[in-house]
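Enquirer: Sending over a structure as structure tokens; questions will come in a sec.
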Amino acid sequence: MNGEGDEAGDARRVSAQAVCAAIRDDIVSGAFPPGSRLIEELLARRYGVSRVPVREALRTLASEGFVTTRRHAGACVAEPTEQEAADLLDVRALLEPLGAARAAQRRTDAHLKVLRGLVRLGRERVRSGRTGELCPLGDWFDETLAQASGSPSLAALLTQVRRKISWVYEAEPPARPAETWETHAALVDAVLRRDAERARSIAAVRAQRPPGEFRLWRPVPPAGVPRAADGKRAVNTASARI
């Protein structure tokens, strides 16, 4: 009986984690715009689960800052201010150098292999002019570097900050992609040599991206912007950015 109970508990946890990831993805993509209500019954129907994992997922998202609870309205998508958005870039600039230094000290051969492979791919894409493929490679690079830190807590914080930056900003493509990937290569070289201070220094410069490389999404849609019939706002439109 205990084994069956443990299995059921594990299944509920996995379900809640999956629902949490799905709701978070929909928030970041703009499918659920800032300020919109998150009704448990409708979310359960959307994701094909019961209300229990939805409730657990909303609690987790509230702890991450993606969801707030309003009196008489229940759970709603958070509405970040411009100051909160700016703070995210400052937090990133503090955490990424620490993560890079830890990666230089604790990385495994497997992490190093992936990082070097990503640099090779990034350089190839730059040479062939396929710059549209660089963003996902950059995300993969950042995720691997965070995992190489050997600290699940630090990796989770870095991941959460990157997700929130993706939510409130649209990153502009680097003006000099070749230089960007040469910086990635220098960072990987420092990680290879286990030079923590060099890795920290490169990551600090890398994290200080000019503000112009990020375009802030308007936290709340302007008055008069129509919503779709299902209550969702159009995603990735010019009117949604400033």
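Residues are referred to by chain and number: the chain letter is A, B, ... according to the order shown in the structure tokens, the number counts from 1 in that chain, and ligands are numbered separately from 1 in the order shown.
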Which polymer residues have any atom within 9 Å of an atom of A:Val119, counting only C-alpha atoms, with same-chain residues fewer than 6 positions away left out, as a list in words?

Expert: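 My reading of the contact set: Leu137, Phe141, Trp181, Glu182, His184, Ala185 and Val188 of chain A.
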
Enquirer: From stretch 96-192 of chain A, collect each residue whose DSSP state is helix (DSSP H, G or I) and return the set as a count of residues only.

Expert: 81

Enquirer: Please report the interatomic distance between atom CA of A:Lys164 and atom CA of A:Ser29 in Å with one decimal.

Expert: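 These two atoms are separated by 10.9 Å.
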
Enquirer: Can you pull out the residues contacting A:Pro97? Cut-off 12 Å, using only C-alpha atoms, and skip same-chain residues under 3 positions away; I want them as a ChimeraX atom specification.

Expert: /A:90-94,100-104,142,145-146,149,154,158,187,191,196-208

Enquirer: Excluding A:Glu84 and its own-chain neighbours fewer than 6 positions away, which residues fall within 12 Å of it when counting only C-alpha atoms? Please give them as a ChimeraX atom specification.

Expert: /A:65,78,90-91,161,164-165,168-169,216,219

Enquirer: Which residues are near A:Glu124? Cut-off 12 Å, only C-alpha atoms, ignore same chain within fewer than 6 positions. Put them as a PDB file with all heavy atoms, in the first residue's frame.

Expert:
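And here is the file that came out, out-v6.pdb:
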ATOM      1  N   GLY A 117      30.864  22.388 -28.274  1.00  0.00           N
ATOM      2  CA  GLY A 117      30.063  22.090 -29.456  1.00  0.00           C
ATOM      3  C   GLY A 117      29.144  23.243 -29.827  1.00  0.00           C
ATOM      4  O   GLY A 117      28.968  23.560 -31.012  1.00  0.00           O
ATOM      5  N   LEU A 118      28.580  23.901 -28.828  1.00  0.00           N
ATOM      6  CA  LEU A 118      27.704  25.036 -29.091  1.00  0.00           C
ATOM      7  C   LEU A 118      28.474  26.214 -29.679  1.00  0.00           C
ATOM      8  O   LEU A 118      27.978  26.914 -30.570  1.00  0.00           O
ATOM      9  CB  LEU A 118      26.990  25.454 -27.801  1.00  0.00           C
ATOM     10  CG  LEU A 118      25.920  24.476 -27.302  1.00  0.00           C
ATOM     11  CD1 LEU A 118      25.481  24.844 -25.892  1.00  0.00           C
ATOM     12  CD2 LEU A 118      24.724  24.472 -28.247  1.00  0.00           C
ATOM     13  N   ARG A 130      23.401  32.505 -40.983  1.00  0.00           N
ATOM     14  CA  ARG A 130      22.148  31.978 -40.411  1.00  0.00           C
ATOM     15  C   ARG A 130      21.967  32.511 -38.989  1.00  0.00           C
ATOM     16  O   ARG A 130      21.857  31.779 -38.023  1.00  0.00           O
ATOM     17  CB  ARG A 130      22.174  30.459 -40.437  1.00  0.00           C
ATOM     18  CG  ARG A 130      22.220  29.893 -41.847  1.00  0.00           C
ATOM     19  CD  ARG A 130      22.843  28.502 -41.917  1.00  0.00           C
ATOM     20  NE  ARG A 130      22.060  27.518 -41.189  1.00  0.00           N
ATOM     21  CZ  ARG A 130      22.453  26.246 -41.035  1.00  0.00           C
ATOM     22  NH1 ARG A 130      23.608  25.843 -41.552  1.00  0.00           N
ATOM     23  NH2 ARG A 130      21.702  25.388 -40.369  1.00  0.00           N
ATOM     24  N   THR A 131      21.940  33.829 -38.890  1.00  0.00           N
ATOM     25  CA  THR A 131      21.891  34.464 -37.568  1.00  0.00           C
ATOM     26  C   THR A 131      20.567  34.237 -36.847  1.00  0.00           C
ATOM     27  O   THR A 131      20.498  34.369 -35.631  1.00  0.00           O
ATOM     28  CB  THR A 131      22.155  35.971 -37.685  1.00  0.00           C
ATOM     29  OG1 THR A 131      21.228  36.546 -38.616  1.00  0.00           O
ATOM     30  CG2 THR A 131      23.576  36.227 -38.183  1.00  0.00           C
ATOM     31  N   GLU A 133      19.264  31.564 -36.224  1.00  0.00           N
ATOM     32  CA  GLU A 133      19.368  30.344 -35.433  1.00  0.00           C
ATOM     33  C   GLU A 133      20.252  30.527 -34.198  1.00  0.00           C
ATOM     34  O   GLU A 133      20.452  29.584 -33.434  1.00  0.00           O
ATOM     35  CB  GLU A 133      19.928  29.218 -36.300  1.00  0.00           C
ATOM     36  CG  GLU A 133      19.065  28.887 -37.512  1.00  0.00           C
ATOM     37  CD  GLU A 133      19.705  27.836 -38.410  1.00  0.00           C
ATOM     38  OE1 GLU A 133      20.640  27.150 -37.945  1.00  0.00           O
ATOM     39  OE2 GLU A 133      19.272  27.703 -39.567  1.00  0.00           O
ATOM     40  N   LEU A 134      20.774  31.733 -33.994  1.00  0.00           N
ATOM     41  CA  LEU A 134      21.712  31.946 -32.903  1.00  0.00           C
ATOM     42  C   LEU A 134      21.046  32.064 -31.544  1.00  0.00           C
ATOM     43  O   LEU A 134      21.623  31.684 -30.529  1.00  0.00           O
ATOM     44  CB  LEU A 134      22.542  33.205 -33.176  1.00  0.00           C
ATOM     45  CG  LEU A 134      23.511  33.121 -34.358  1.00  0.00           C
ATOM     46  CD1 LEU A 134      24.187  34.469 -34.569  1.00  0.00           C
ATOM     47  CD2 LEU A 134      24.546  32.035 -34.126  1.00  0.00           C
ATOM     48  N   LEU A 137      20.600  28.759 -29.744  1.00  0.00           N
ATOM     49  CA  LEU A 137      21.925  28.259 -29.379  1.00  0.00           C
ATOM     50  C   LEU A 137      22.458  29.003 -28.161  1.00  0.00           C
ATOM     51  O   LEU A 137      23.061  28.406 -27.263  1.00  0.00           O
ATOM     52  CB  LEU A 137      22.893  28.417 -30.554  1.00  0.00           C
ATOM     53  CG  LEU A 137      22.750  27.455 -31.736  1.00  0.00           C
ATOM     54  CD1 LEU A 137      23.785  27.783 -32.806  1.00  0.00           C
ATOM     55  CD2 LEU A 137      22.882  26.011 -31.290  1.00  0.00           C
ATOM     56  N   PRO A 177      27.314  39.655 -34.148  1.00  0.00           N
ATOM     57  CA  PRO A 177      27.202  38.264 -33.676  1.00  0.00           C
ATOM     58  C   PRO A 177      28.531  37.529 -33.633  1.00  0.00           C
ATOM     59  O   PRO A 177      28.740  36.677 -32.766  1.00  0.00           O
ATOM     60  CB  PRO A 177      26.239  37.624 -34.684  1.00  0.00           C
ATOM     61  CG  PRO A 177      26.254  38.517 -35.872  1.00  0.00           C
ATOM     62  CD  PRO A 177      26.507  39.888 -35.361  1.00  0.00           C
ATOM     63  N   ALA A 178      29.445  37.851 -34.535  1.00  0.00           N
ATOM     64  CA  ALA A 178      30.748  37.180 -34.520  1.00  0.00           C
ATOM     65  C   ALA A 178      31.480  37.481 -33.216  1.00  0.00           C
ATOM     66  O   ALA A 178      32.064  36.577 -32.591  1.00  0.00           O
ATOM     67  CB  ALA A 178      31.582  37.625 -35.722  1.00  0.00           C
ATOM     68  N   TRP A 181      29.991  35.487 -30.252  1.00  0.00           N
ATOM     69  CA  TRP A 181      30.397  34.082 -30.140  1.00  0.00           C
ATOM     70  C   TRP A 181      31.877  33.936 -29.859  1.00  0.00           C
ATOM     71  O   TRP A 181      32.305  32.921 -29.290  1.00  0.00           O
ATOM     72  CB  TRP A 181      29.932  33.310 -31.368  1.00  0.00           C
ATOM     73  CG  TRP A 181      28.469  33.008 -31.222  1.00  0.00           C
ATOM     74  CD1 TRP A 181      27.420  33.772 -31.653  1.00  0.00           C
ATOM     75  CD2 TRP A 181      27.891  31.918 -30.500  1.00  0.00           C
ATOM     76  NE1 TRP A 181      26.220  33.222 -31.252  1.00  0.00           N
ATOM     77  CE2 TRP A 181      26.477  32.082 -30.551  1.00  0.00           C
ATOM     78  CE3 TRP A 181      28.412  30.829 -29.830  1.00  0.00           C
ATOM     79  CZ2 TRP A 181      25.598  31.184 -29.953  1.00  0.00           C
ATOM     80  CZ3 TRP A 181      27.536  29.921 -29.229  1.00  0.00           C
ATOM     81  CH2 TRP A 181      26.150  30.110 -29.288  1.00  0.00           C
ATOM     82  N   GLU A 182      32.682  34.926 -30.202  1.00  0.00           N
ATOM     83  CA  GLU A 182      34.074  34.893 -29.784  1.00  0.00           C
ATOM     84  C   GLU A 182      34.173  35.081 -28.266  1.00  0.00           C
ATOM     85  O   GLU A 182      35.034  34.490 -27.610  1.00  0.00           O
ATOM     86  CB  GLU A 182      34.881  35.969 -30.515  1.00  0.00           C
ATOM     87  CG  GLU A 182      35.101  35.674 -31.990  1.00  0.00           C
ATOM     88  CD  GLU A 182      35.671  34.286 -32.233  1.00  0.00           C
ATOM     89  OE1 GLU A 182      36.636  33.894 -31.538  1.00  0.00           O
ATOM     90  OE2 GLU A 182      35.138  33.564 -33.114  1.00  0.00           O
TER      91      GLU A 182
END

Enquirer: Write out as a list in words all residues of stretch 3-230 of chain A that DSSP puts in strand (DSSP E or B) for this structure's backbone.

Expert: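 Everything in stretch 3-230 of chain A that counts as strand (DSSP E or B) is Arg37, Val67, Thr68, Thr69, Arg70, Gly74, Ala75, Cys76, Val77, Tyr169, Glu170, Ala171, Phe214, Arg215, Leu216 and Trp217 of chain A.
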